[in-house]
Amino acid sequence: MQQLEQLNQLLPWLTPLTLLLGAITLVLLALLIQQRRRQHLYDQQISRLTSLLEQAIGRSSHLPLETITLGQGLTELMKPISRLLEARAHEGKDHHQTLKQMARGLNHNMNNLLFGILGAAQLIQRRTKDAEILSWAGVVHSDGQQLTEVIKELTEAVTEQVDHTPETIAVNQSISTLLTAQQLIWQQSAETQGCPLEFHTTLCSDSSYIRANGSGISKMLKHILQNAVDATASGGNIWIRTFHPNPEEITIEIRDDGVGMDATTRRRVFDPFFTTKHKLGTGLGLSTVLTTVLQWDGTVSVRSEPGHGATFTVTFPVTDNPLQSTTITENNLRHARVVVVDDQEAIGSVIASALSERFNITVFQDAESLLKVFVPGHWDIAMIDLGLPGLPGDRLAELLHQQDPNIIRILMTGWVLADNDPRRRQFEHYLQKPVTHIARLNQFLDEALSGQEPRH
């Protein structure tokens, strides 16, 4: 009884105490939930920050992390992290600039070397009747031309500077050069899949020329042929032929007996980013074909049906053979005097040998040697390299013009220079090394002497 009475006396106090304990429990629970939410948000922010950092580091780019809304504890980290990322981004840009400079330097040096290699091969072909020597010289010249294109493409890829300089191009030779480089590769790849691929080439007998960019035409042909190779992935045939639809034009026709295209695909085949291929790619190949063809006043069309292959037809206006004699009389040209200034002894020797039959050639390897003996009116043309030891080529050209305003100055360089490059202002004409056909040197000088703008 006494215990019951004590319990009754405590009851009025138990209810408030229970409520107080319950309230405390609720507060603690709320604090726990809030803390867990904060921890979850914190974890999310850490995860997001980590992801952004990975992106920034992977791309070597600066992301404005200080603008991201984060908790107070993380916000303090944003400025130093952003500074680190910005520094890394600059390092990446500096590294890319270094690669660009290296690529330009490689292009320049290789162009100089290839000038000598290609020129020497052609001089050998001119001066021997030995069939075996002629054959090997032909291999050297053909491989040198292919290497010229490879170096050019690599440089363009790294420097993002594409050369659109027009040249006079032998159509059949461009096709033959490309097939020599690629046909066996395509056939061997097809053989490994158990799907034999055959090429059938019929080129018109005459050597027709077009006015276009050599690298661009090579890429155009490669894109069309690659499309034909992909279309015959199960094996088949590819036919390449050239012909004249009329005396003013030449047509390149590339046909395959592959899977063909339906009407929708055929209509969109030249659209940028359109592709039916499942493998990784940009979808710009045939779009580039259209751009290249239109750039040089050509036309392109495609005929195709599902299961019946496809035929691409490209037509360009023809131009004159660059190796034909000009209207300038032989006597006037034979007595023209040319001074060549190039620090590469082999290049000077090749040019002298290539031009000696029609011009009087003098070669110097630096500017100072020429300036010591230069007399106004003695030389008609000065062919000057840009990267000379001591006085650079553009400065030499300026000094020659001051002494003899009538001398024709030709910049002859392995560097790829833009049209607006200030170093070109001191020259009347620009000749890009290497010159793949030394006979073009004669034609180039003929046109320069006649007051024409020489064609590359």
# chains A, B, ... in the order shown; residues from 1 in each chain; ligands from 1
call {"tool": "select_by_dssp", "arguments": {"residues": "stretch 103-339 of chain A", "states": "helix (DSSP H, G or I)", "output": "ChimeraX atom specification"}}
result
/A:103-127,131-159,171-192,214-231,263-268,285-295,330-334
call {"tool": "residues_around", "arguments": {"residues": "A:Leu355", "least_positions_apart": "6", "cutoff": "8 Å", "atoms": "only C-alpha atoms", "output": "list of chain:residue names"}}
result
A:Ile361, A:Leu441, A:Asn442
call {"tool": "atom_distance", "arguments": {"atom1": "atom CA of A:His401", "atom2": "atom CA of A:Pro389"}}
result
19.8 Å
call {"tool": "residues_around", "arguments": {"residues": "A:Val300", "least_positions_apart": "5", "cutoff": "12 Å", "atoms": "only C-alpha atoms", "output": "short mmCIF file (atom, residue, chain, number, x, y, z; two decimals) with C-alpha atoms, in the first residue's frame"}}
result
data_model
loop_
_atom_site.label_atom_id
_atom_site.label_comp_id
_atom_site.auth_asym_id
_atom_site.auth_seq_id
_atom_site.Cartn_x
_atom_site.Cartn_y
_atom_site.Cartn_z
CA MET A 220 38.64 13.71 -102.22
CA LEU A 221 39.64 10.62 -104.21
CA ILE A 224 35.19 8.25 -102.54
CA THR A 251 35.73 13.01 -115.70
CA ILE A 252 36.74 10.66 -112.90
CA GLU A 253 34.32 7.76 -112.43
CA ILE A 254 34.51 5.43 -109.41
CA VAL A 269 24.97 11.34 -99.08
CA PHE A 270 26.75 14.71 -99.38
CA LEU A 286 31.55 12.78 -98.71
CA SER A 287 30.55 16.26 -97.57
CA THR A 288 34.21 17.19 -97.93
CA VAL A 289 34.15 15.69 -101.43
CA LEU A 290 31.36 18.05 -102.46
CA THR A 291 33.12 21.07 -100.94
CA THR A 292 36.39 20.24 -102.71
CA VAL A 293 34.76 19.67 -106.09
CA LEU A 294 32.75 22.90 -105.99
CA GLN A 295 35.80 24.87 -104.82
CA THR A 311 28.81 5.18 -109.17
CA PHE A 312 30.39 8.53 -108.25
CA THR A 313 31.14 10.83 -111.18
CA VAL A 314 33.39 13.88 -110.73
CA THR A 315 34.09 16.30 -113.59
CA PHE A 316 36.60 19.16 -113.67
#
call {"tool": "closest_residue", "arguments": {"among": "A:Asn227, A:Phe374, A:Ala336, A:Glu428", "to": "A:Val302", "atoms": "only C-alpha atoms"}}
result
A:Asn227
call {"tool": "select_by_dssp", "arguments": {"residues": "stretch 223-252 of chain A", "states": "strand (DSSP E)", "output": "list in words"}}
result
Gly236, Asn237, Ile238, Trp239, Ile240, Arg241, Thr242, Phe243, His244, Pro245, Asn246, Glu249, Ile250, Thr251 and Ile252 of chain A
call {"tool": "write_last_selection", "arguments": {"atoms": "N, CA and C atoms", "output": "PDB file, in the first residue's frame"}}
result
ATOM      1  N   GLY A 236      34.019  -7.832-103.483  1.00  0.00           N
ATOM      2  CA  GLY A 236      33.460  -7.263-104.697  1.00  0.00           C
ATOM      3  C   GLY A 236      34.509  -6.606-105.560  1.00  0.00           C
ATOM      4  N   ASN A 237      34.047  -5.662-106.374  1.00  0.00           N
ATOM      5  CA  ASN A 237      34.911  -5.020-107.361  1.00  0.00           C
ATOM      6  C   ASN A 237      34.738  -3.502-107.296  1.00  0.00           C
ATOM      7  N   ILE A 238      35.830  -2.813-107.611  1.00  0.00           N
ATOM      8  CA  ILE A 238      35.805  -1.357-107.715  1.00  0.00           C
ATOM      9  C   ILE A 238      36.469  -0.973-109.034  1.00  0.00           C
ATOM     10  N   TRP A 239      35.769  -0.178-109.815  1.00  0.00           N
ATOM     11  CA  TRP A 239      36.275   0.268-111.107  1.00  0.00           C
ATOM     12  C   TRP A 239      36.597   1.757-111.031  1.00  0.00           C
ATOM     13  N   ILE A 240      37.790   2.133-111.523  1.00  0.00           N
ATOM     14  CA  ILE A 240      38.198   3.535-111.592  1.00  0.00           C
ATOM     15  C   ILE A 240      38.565   3.841-113.034  1.00  0.00           C
ATOM     16  N   ARG A 241      37.972   4.873-113.589  1.00  0.00           N
ATOM     17  CA  ARG A 241      38.338   5.251-114.952  1.00  0.00           C
ATOM     18  C   ARG A 241      38.284   6.764-115.117  1.00  0.00           C
ATOM     19  N   THR A 242      39.054   7.279-116.070  1.00  0.00           N
ATOM     20  CA  THR A 242      38.994   8.688-116.443  1.00  0.00           C
ATOM     21  C   THR A 242      38.703   8.770-117.935  1.00  0.00           C
ATOM     22  N   PHE A 243      37.966   9.796-118.319  1.00  0.00           N
ATOM     23  CA  PHE A 243      37.641   9.991-119.740  1.00  0.00           C
ATOM     24  C   PHE A 243      37.253  11.457-119.954  1.00  0.00           C
ATOM     25  N   HIS A 244      37.173  11.849-121.213  1.00  0.00           N
ATOM     26  CA  HIS A 244      36.813  13.219-121.568  1.00  0.00           C
ATOM     27  C   HIS A 244      35.378  13.243-122.105  1.00  0.00           C
ATOM     28  N   PRO A 245      34.424  13.818-121.361  1.00  0.00           N
ATOM     29  CA  PRO A 245      33.072  13.953-121.899  1.00  0.00           C
ATOM     30  C   PRO A 245      33.030  14.966-123.042  1.00  0.00           C
ATOM     31  N   ASN A 246      34.012  15.872-123.046  1.00  0.00           N
ATOM     32  CA  ASN A 246      34.198  16.861-124.116  1.00  0.00           C
ATOM     33  C   ASN A 246      35.629  17.362-124.014  1.00  0.00           C
ATOM     34  N   GLU A 249      36.798  19.192-120.591  1.00  0.00           N
ATOM     35  CA  GLU A 249      36.614  18.628-119.260  1.00  0.00           C
ATOM     36  C   GLU A 249      37.202  17.223-119.163  1.00  0.00           C
ATOM     37  N   ILE A 250      37.486  16.817-117.944  1.00  0.00           N
ATOM     38  CA  ILE A 250      37.887  15.439-117.674  1.00  0.00           C
ATOM     39  C   ILE A 250      37.018  14.898-116.546  1.00  0.00           C
ATOM     40  N   THR A 251      36.622  13.647-116.680  1.00  0.00           N
ATOM     41  CA  THR A 251      35.733  13.013-115.704  1.00  0.00           C
ATOM     42  C   THR A 251      36.438  11.853-115.017  1.00  0.00           C
ATOM     43  N   ILE A 252      36.255  11.790-113.705  1.00  0.00           N
ATOM     44  CA  ILE A 252      36.739  10.665-112.900  1.00  0.00           C
ATOM     45  C   ILE A 252      35.508   9.876-112.452  1.00  0.00           C
TER      46      ILE A 252
END
call {"tool": "residues_around", "arguments": {"residues": "stretch 408-417 of chain A", "least_positions_apart": "6", "cutoff": "8 Å", "atoms": "only C-alpha atoms", "output": "PDB file with N, CA and C atoms, in the first residue's frame"}}
result
ATOM      1  N   ARG A 104      55.644  22.593 -87.739  1.00  0.00           N
ATOM      2  CA  ARG A 104      56.036  23.526 -88.809  1.00  0.00           C
ATOM      3  C   ARG A 104      57.521  23.364 -89.150  1.00  0.00           C
ATOM      4  N   GLY A 105      58.332  23.193 -88.101  1.00  0.00           N
ATOM      5  CA  GLY A 105      59.756  22.988 -88.349  1.00  0.00           C
ATOM      6  C   GLY A 105      60.028  21.708 -89.106  1.00  0.00           C
ATOM      7  N   ASN A 107      57.935  20.182 -91.109  1.00  0.00           N
ATOM      8  CA  ASN A 107      57.437  20.380 -92.469  1.00  0.00           C
ATOM      9  C   ASN A 107      58.466  21.132 -93.305  1.00  0.00           C
ATOM     10  N   HIS A 108      59.042  22.183 -92.732  1.00  0.00           N
ATOM     11  CA  HIS A 108      60.038  22.976 -93.451  1.00  0.00           C
ATOM     12  C   HIS A 108      61.259  22.142 -93.815  1.00  0.00           C
ATOM     13  N   ASN A 109      61.792  21.419 -92.832  1.00  0.00           N
ATOM     14  CA  ASN A 109      62.996  20.625 -93.079  1.00  0.00           C
ATOM     15  C   ASN A 109      62.743  19.495 -94.067  1.00  0.00           C
ATOM     16  N   MET A 110      61.590  18.829 -93.912  1.00  0.00           N
ATOM     17  CA  MET A 110      61.270  17.740 -94.833  1.00  0.00           C
ATOM     18  C   MET A 110      61.050  18.259 -96.249  1.00  0.00           C
ATOM     19  N   ASN A 111      60.417  19.428 -96.386  1.00  0.00           N
ATOM     20  CA  ASN A 111      60.206  20.004 -97.714  1.00  0.00           C
ATOM     21  C   ASN A 111      61.528  20.306 -98.402  1.00  0.00           C
ATOM     22  N   ASN A 112      62.493  20.810 -97.636  1.00  0.00           N
ATOM     23  CA  ASN A 112      63.821  21.061 -98.211  1.00  0.00           C
ATOM     24  C   ASN A 112      64.488  19.766 -98.660  1.00  0.00           C
ATOM     25  N   ASP A 163      46.505  24.128 -96.219  1.00  0.00           N
ATOM     26  CA  ASP A 163      47.008  24.805 -97.408  1.00  0.00           C
ATOM     27  C   ASP A 163      46.024  24.597 -98.561  1.00  0.00           C
ATOM     28  N   ASP A 380      68.240  38.799-114.034  1.00  0.00           N
ATOM     29  CA  ASP A 380      66.825  39.071-114.319  1.00  0.00           C
ATOM     30  C   ASP A 380      65.916  38.575-113.201  1.00  0.00           C
ATOM     31  N   ILE A 381      66.295  37.431-112.597  1.00  0.00           N
ATOM     32  CA  ILE A 381      65.464  36.795-111.576  1.00  0.00           C
ATOM     33  C   ILE A 381      66.326  36.411-110.377  1.00  0.00           C
ATOM     34  N   ALA A 382      65.783  36.600-109.187  1.00  0.00           N
ATOM     35  CA  ALA A 382      66.427  36.115-107.962  1.00  0.00           C
ATOM     36  C   ALA A 382      65.482  35.137-107.279  1.00  0.00           C
ATOM     37  N   MET A 383      65.925  33.873-107.141  1.00  0.00           N
ATOM     38  CA  MET A 383      65.152  32.858-106.422  1.00  0.00           C
ATOM     39  C   MET A 383      65.767  32.725-105.035  1.00  0.00           C
ATOM     40  N   ILE A 384      65.006  33.119-104.006  1.00  0.00           N
ATOM     41  CA  ILE A 384      65.586  33.298-102.676  1.00  0.00           C
ATOM     42  C   ILE A 384      64.862  32.442-101.651  1.00  0.00           C
ATOM     43  N   ASP A 385      65.640  31.682-100.876  1.00  0.00           N
ATOM     44  CA  ASP A 385      65.103  30.932 -99.742  1.00  0.00           C
ATOM     45  C   ASP A 385      64.837  31.910 -98.595  1.00  0.00           C
ATOM     46  N   LEU A 386      63.888  31.565 -97.732  1.00  0.00           N
ATOM     47  CA  LEU A 386      63.550  32.460 -96.625  1.00  0.00           C
ATOM     48  C   LEU A 386      64.521  32.316 -95.455  1.00  0.00           C
ATOM     49  N   GLY A 387      64.800  31.063 -95.065  1.00  0.00           N
ATOM     50  CA  GLY A 387      65.611  30.812 -93.871  1.00  0.00           C
ATOM     51  C   GLY A 387      67.087  30.756 -94.178  1.00  0.00           C
ATOM     52  N   GLY A 393      65.889  35.859 -95.929  1.00  0.00           N
ATOM     53  CA  GLY A 393      65.573  36.014 -97.338  1.00  0.00           C
ATOM     54  C   GLY A 393      64.739  37.236 -97.668  1.00  0.00           C
ATOM     55  N   ALA A 397      65.752  40.268-100.228  1.00  0.00           N
ATOM     56  CA  ALA A 397      64.901  40.682-101.346  1.00  0.00           C
ATOM     57  C   ALA A 397      64.665  42.186-101.320  1.00  0.00           C
ATOM     58  N   ARG A 424      56.076  37.794 -97.268  1.00  0.00           N
ATOM     59  CA  ARG A 424      55.849  37.616 -98.707  1.00  0.00           C
ATOM     60  C   ARG A 424      55.801  38.939 -99.462  1.00  0.00           C
ATOM     61  N   GLN A 426      57.931  41.270 -99.903  1.00  0.00           N
ATOM     62  CA  GLN A 426      59.142  41.678-100.615  1.00  0.00           C
ATOM     63  C   GLN A 426      59.367  40.880-101.898  1.00  0.00           C
ATOM     64  N   PHE A 427      58.408  40.038-102.277  1.00  0.00           N
ATOM     65  CA  PHE A 427      58.590  39.165-103.435  1.00  0.00           C
ATOM     66  C   PHE A 427      57.440  39.342-104.422  1.00  0.00           C
ATOM     67  N   GLU A 428      57.780  39.213-105.679  1.00  0.00           N
ATOM     68  CA  GLU A 428      56.729  39.256-106.711  1.00  0.00           C
ATOM     69  C   GLU A 428      55.983  37.925-106.797  1.00  0.00           C
ATOM     70  N   HIS A 429      56.697  36.818-106.520  1.00  0.00           N
ATOM     71  CA  HIS A 429      56.095  35.495-106.672  1.00  0.00           C
ATOM     72  C   HIS A 429      56.512  34.590-105.509  1.00  0.00           C
ATOM     73  N   TYR A 430      55.714  33.544-105.309  1.00  0.00           N
ATOM     74  CA  TYR A 430      55.907  32.619-104.178  1.00  0.00           C
ATOM     75  C   TYR A 430      55.920  31.193-104.709  1.00  0.00           C
ATOM     76  N   LEU A 431      56.970  30.441-104.388  1.00  0.00           N
ATOM     77  CA  LEU A 431      57.109  29.056-104.839  1.00  0.00           C
ATOM     78  C   LEU A 431      57.309  28.170-103.614  1.00  0.00           C
ATOM     79  N   GLN A 432      56.344  27.280-103.370  1.00  0.00           N
ATOM     80  CA  GLN A 432      56.391  26.404-102.203  1.00  0.00           C
ATOM     81  C   GLN A 432      57.245  25.163-102.490  1.00  0.00           C
ATOM     82  N   LYS A 433      58.194  24.882-101.618  1.00  0.00           N
ATOM     83  CA  LYS A 433      58.963  23.640-101.716  1.00  0.00           C
ATOM     84  C   LYS A 433      58.141  22.492-101.119  1.00  0.00           C
ATOM     85  N   PRO A 434      58.360  21.259-101.561  1.00  0.00           N
ATOM     86  CA  PRO A 434      59.195  20.911-102.708  1.00  0.00           C
ATOM     87  C   PRO A 434      58.435  21.078-104.011  1.00  0.00           C
ATOM     88  N   ALA A 448      56.921  34.028-115.039  1.00  0.00           N
ATOM     89  CA  ALA A 448      57.359  35.205-114.287  1.00  0.00           C
ATOM     90  C   ALA A 448      57.989  36.239-115.218  1.00  0.00           C
ATOM     91  N   LEU A 449      58.798  35.796-116.167  1.00  0.00           N
ATOM     92  CA  LEU A 449      59.450  36.718-117.102  1.00  0.00           C
ATOM     93  C   LEU A 449      58.450  37.377-118.040  1.00  0.00           C
TER      94      LEU A 449
END
call {"tool": "closest_residue", "arguments": {"among": "A:Asp230, A:Glu248, A:Asp320, A:Asp297", "to": "A:Ser207", "atoms": "only C-alpha atoms"}}
result
A:Asp320
call {"tool": "closest_residue", "arguments": {"among": "A:Gln101, A:Ser215, A:Thr168, A:Thr202", "to": "A:Pro317", "atoms": "only C-alpha atoms"}}
result
A:Thr168
call {"tool": "closest_residue", "arguments": {"among": "A:Pro306, A:Gly144, A:Gly451, A:Gly194", "to": "A:Ala263", "atoms": "only C-alpha atoms"}}
result
A:Pro306
call {"tool": "residues_around", "arguments": {"residues": "A:Ala181", "least_positions_apart": "4", "cutoff": "9 Å", "atoms": "only C-alpha atoms", "output": "short mmCIF file (atom, residue, chain, number, x, y, z; two decimals) with C-alpha atoms, in the first residue's frame"}}
result
data_model
loop_
_atom_site.label_atom_id
_atom_site.label_comp_id
_atom_site.auth_asym_id
_atom_site.auth_seq_id
_atom_site.Cartn_x
_atom_site.Cartn_y
_atom_site.Cartn_z
CA ASP A 143 57.66 7.49 -102.89
CA GLN A 146 53.70 10.22 -101.34
CA SER A 176 47.91 6.27 -109.66
CA THR A 177 49.83 7.70 -106.70
CA ILE A 185 46.23 -2.00 -97.85
#
call {"tool": "closest_residue", "arguments": {"among": "A:Asp257, A:Ser208, A:Gly298, A:Arg337", "to": "A:Ala310", "atoms": "only C-alpha atoms"}}
result
A:Asp257
call {"tool": "closest_residue", "arguments": {"among": "A:Leu114, A:Leu203, A:Leu147, A:Ile133", "to": "A:Ala346", "atoms": "only C-alpha atoms"}}
result
A:Leu114
